Amino acid sequence: MESSMVKSAERTVRILETLAASPDRLSLSDLQRQTGFPRSSLHALMRTLVELNWVETDSAKAAFGIGPHALLTGTAYLDKDLALPYALETLDDLRDEIGHTVHFARRDGAHVLYLATREGRSAHRVIPRVGRRLPAHVTALGQAMLAQLTFDEVMSVLPDELVRFTPDTITDHARLARELEDVRTRGWALECEQGTPGVQCVAVVVDYRIPATDAISCSMPANLDDSLVDKVIDAMTRHTRKLTATLRREGIR
């Protein structure tokens, strides 16, 4: 009985994660193909999730998407995060100083989870929204936080195959390891068009935890002058150090 309950819980979570990751609603057949669950079990779980408002469906019950109760859980996570109010102040100060879009994110295994965003004065591309999760290796945020780990720890976290987002995405583990070593030496991560064409990002960890789990990044046009990028890096470093000192002083871990 215990094993059955654990399996049901695991399947429920995987269904919700699959729906959340999809830009469109999914049919029962889509879900079965992506999860590999038996259709009978999947049908019963979906019916329960719809009744509990964790999943919503159309009148024909032919397609499914994330329901409103999923938002309640995500909002509760943000509301209870003690570091977030201080991070938001830092994002406001950074955006005011450098003018570009800035993000605060947390590493979630092999991914980064965006917890807050302040859009710049001129949005140049589509910017990841709060709650979006991206592979760590394609983002400056992820590279900055992966650099906090040892080589063996990085290899144990990342999948065997690194997904490619653009022609510039690093998909070779050895090349990524060299990049992470450069990040450790510099103290900040910089990626150019690895995640989004036309966009470069710089990121610095907020190391109030060891190893650091959080980082702040700035999204900029890929063709921005190097001297302006240097100013962004300087601002990012100053503000993240200040945020780190504040969080440590407040005893937030």
# chains A, B, ... in the order shown; residues from 1 in each chain; ligands from 1
>>> residues_around(residues="stretch 60-66 of chain A", least_positions_apart="2", cutoff="6 Å", atoms="only C-alpha atoms", output="list in words")
Leu19, Arg25, Leu26, Ser27, Val55, Glu56, Thr57 and Asp58 of chain A
>>> write_last_selection(atoms="N, CA, C and O atoms", output="mmCIF file, in the first residue's frame")
data_model
loop_
_atom_site.group_PDB
_atom_site.id
_atom_site.type_symbol
_atom_site.label_atom_id
_atom_site.label_comp_id
_atom_site.auth_asym_id
_atom_site.auth_seq_id
_atom_site.Cartn_x
_atom_site.Cartn_y
_atom_site.Cartn_z
ATOM 1 N N LEU A 19 2.782 19.582 -17.441
ATOM 2 C CA LEU A 19 1.833 20.616 -17.871
ATOM 3 C C LEU A 19 2.438 22.003 -17.733
ATOM 4 O O LEU A 19 2.246 22.866 -18.587
ATOM 5 N N ARG A 25 -1.801 23.661 -23.953
ATOM 6 C CA ARG A 25 -2.500 22.592 -23.244
ATOM 7 C C ARG A 25 -2.204 21.253 -23.911
ATOM 8 O O ARG A 25 -1.937 21.200 -25.111
ATOM 9 N N LEU A 26 -2.240 20.191 -23.118
ATOM 10 C CA LEU A 26 -1.908 18.867 -23.614
ATOM 11 C C LEU A 26 -3.110 17.935 -23.538
ATOM 12 O O LEU A 26 -3.889 17.994 -22.579
ATOM 13 N N SER A 27 -3.243 17.078 -24.528
ATOM 14 C CA SER A 27 -4.291 16.059 -24.504
ATOM 15 C C SER A 27 -3.842 14.903 -23.622
ATOM 16 O O SER A 27 -2.674 14.811 -23.226
ATOM 17 N N VAL A 55 -5.562 21.224 -11.996
ATOM 18 C CA VAL A 55 -5.517 21.152 -13.458
ATOM 19 C C VAL A 55 -6.846 21.657 -13.987
ATOM 20 O O VAL A 55 -7.897 21.416 -13.371
ATOM 21 N N GLU A 56 -6.818 22.396 -15.094
ATOM 22 C CA GLU A 56 -8.058 22.832 -15.718
ATOM 23 C C GLU A 56 -8.146 22.252 -17.122
ATOM 24 O O GLU A 56 -7.133 21.930 -17.749
ATOM 25 N N THR A 57 -9.372 22.101 -17.596
ATOM 26 C CA THR A 57 -9.595 21.487 -18.898
ATOM 27 C C THR A 57 -10.698 22.221 -19.640
ATOM 28 O O THR A 57 -11.416 23.051 -19.051
ATOM 29 N N ASP A 58 -10.843 21.949 -20.935
ATOM 30 C CA ASP A 58 -11.893 22.574 -21.712
ATOM 31 C C ASP A 58 -13.203 21.814 -21.525
ATOM 32 O O ASP A 58 -13.256 20.785 -20.832
#
>>> residues_around(residues="stretch 189-192 of chain A", least_positions_apart="5", cutoff="7 Å", atoms="only C-alpha atoms", output="list in words")
Thr139, Ala140, Gln143, Ala144, Val183, Val199, Gln200, Cys201, Val202, Ala203, Val204 and Ala222 of chain A
>>> write_last_selection(atoms="C-alpha atoms", output="PDB file, in the first residue's frame")
ATOM      1  CA  THR A 139      22.227  30.722 -18.550  1.00  0.00           C
ATOM      2  CA  ALA A 140      24.782  32.991 -16.901  1.00  0.00           C
ATOM      3  CA  GLN A 143      26.878  28.930 -14.809  1.00  0.00           C
ATOM      4  CA  ALA A 144      27.579  31.278 -11.903  1.00  0.00           C
ATOM      5  CA  VAL A 183      33.828  31.913 -13.865  1.00  0.00           C
ATOM      6  CA  VAL A 199      21.014  38.612 -25.868  1.00  0.00           C
ATOM      7  CA  GLN A 200      23.994  38.393 -23.543  1.00  0.00           C
ATOM      8  CA  CYS A 201      23.795  38.025 -19.763  1.00  0.00           C
ATOM      9  CA  VAL A 202      26.152  38.555 -16.865  1.00  0.00           C
ATOM     10  CA  ALA A 203      25.507  36.950 -13.460  1.00  0.00           C
ATOM     11  CA  VAL A 204      26.994  37.110  -9.976  1.00  0.00           C
ATOM     12  CA  ALA A 222      24.550  41.021 -27.507  1.00  0.00           C
TER      13      ALA A 222
END
>>> closest_atom_pairs(of="stretch 100-173 of chain A", to="stretch 230-237 of chain A", cutoff="12 Å", atoms="only C-alpha atoms", output="CSV")
residue,atom,partner,partner_atom,distance
A:His100,CA,A:Val232,CA,8.9
A:Thr101,CA,A:Val232,CA,11.2
A:Val102,CA,A:Met236,CA,9.6
A:His103,CA,A:Met236,CA,11.1
A:Phe104,CA,A:Met236,CA,11.7
>>> select_by_dssp(residues="stretch 44-77 of chain A", states="strand (DSSP E or B)", output="compact mmCIF listing (two decimals) with C-alpha atoms, in the first residue's frame")
# COMPACT_ATOMS: atom_id res chain seq x y z
CA VAL A 55 -5.52 21.15 -13.46
CA GLU A 56 -8.06 22.83 -15.72
CA THR A 57 -9.60 21.49 -18.90
CA PHE A 64 -5.42 20.05 -19.99
CA GLY A 65 -3.37 22.83 -18.45
CA ILE A 66 -2.18 24.00 -15.05
>>> select_by_dssp(residues="stretch 2-86 of chain A", states="alpha helix (DSSP H)", output="ChimeraX atom specification")
/A:2-21,28-35,39-51,68-79,84-86
>>> closest_residue(among="A:Val205, A:Met155, A:Leu71, A:Ala116", to="A:Ala20", atoms="only C-alpha atoms")
A:Leu71
>>> closest_residue(among="A:Leu228, A:Leu115, A:Thr185, A:Ala44", to="A:Gly74", atoms="only C-alpha atoms")
A:Leu115
>>> residues_around(residues="A:Leu176", least_positions_apart="5", cutoff="10 Å", atoms="only C-alpha atoms", output="CSV table (one decimal) with C-alpha atoms, in the first residue's frame")
chain,number,residue,atom,x,y,z
A,137,HIS,CA,24.1,25.3,-18.4
A,138,VAL,CA,22.5,27.8,-20.9
A,143,GLN,CA,26.9,28.9,-14.8
A,146,LEU,CA,27.4,25.7,-11.0
A,147,ALA,CA,30.8,27.3,-10.6
A,154,VAL,CA,28.7,19.5,-11.4
A,169,THR,CA,24.9,26.9,-26.4
A,170,ILE,CA,27.6,24.9,-24.7
A,171,THR,CA,26.7,21.2,-25.0
A,181,GLU,CA,36.8,27.4,-14.1
A,182,ASP,CA,36.9,30.8,-15.8
>>> residues_around(residues="A:Leu141", least_positions_apart="4", cutoff="7 Å", atoms="only C-alpha atoms", output="ChimeraX atom specification")
/A:145,203,215-217
>>> atom_distance(atom1="atom CA of A:Leu113", atom2="atom CA of A:Gly36")
25.5 Å
>>> closest_residue(among="A:Asp168, A:Glu17, A:Glu51, A:Asp226", to="A:Gly198", atoms="only C-alpha atoms")
A:Asp168
>>> closest_residue(among="A:Leu88, A:Val163, A:Val130, A:Val157", to="A:Leu243", atoms="only C-alpha atoms")
A:Leu88
>>> atom_distance(atom1="atom CA of A:Ala177", atom2="atom CA of A:Leu149")
10.7 Å
>>> closest_residue(among="A:Val50, A:Arg33, A:Pro167, A:Arg241", to="A:Thr90", atoms="only C-alpha atoms")
A:Arg241
>>> atom_distance(atom1="atom CA of A:Gly131", atom2="atom CA of A:Ser29")
26.1 Å
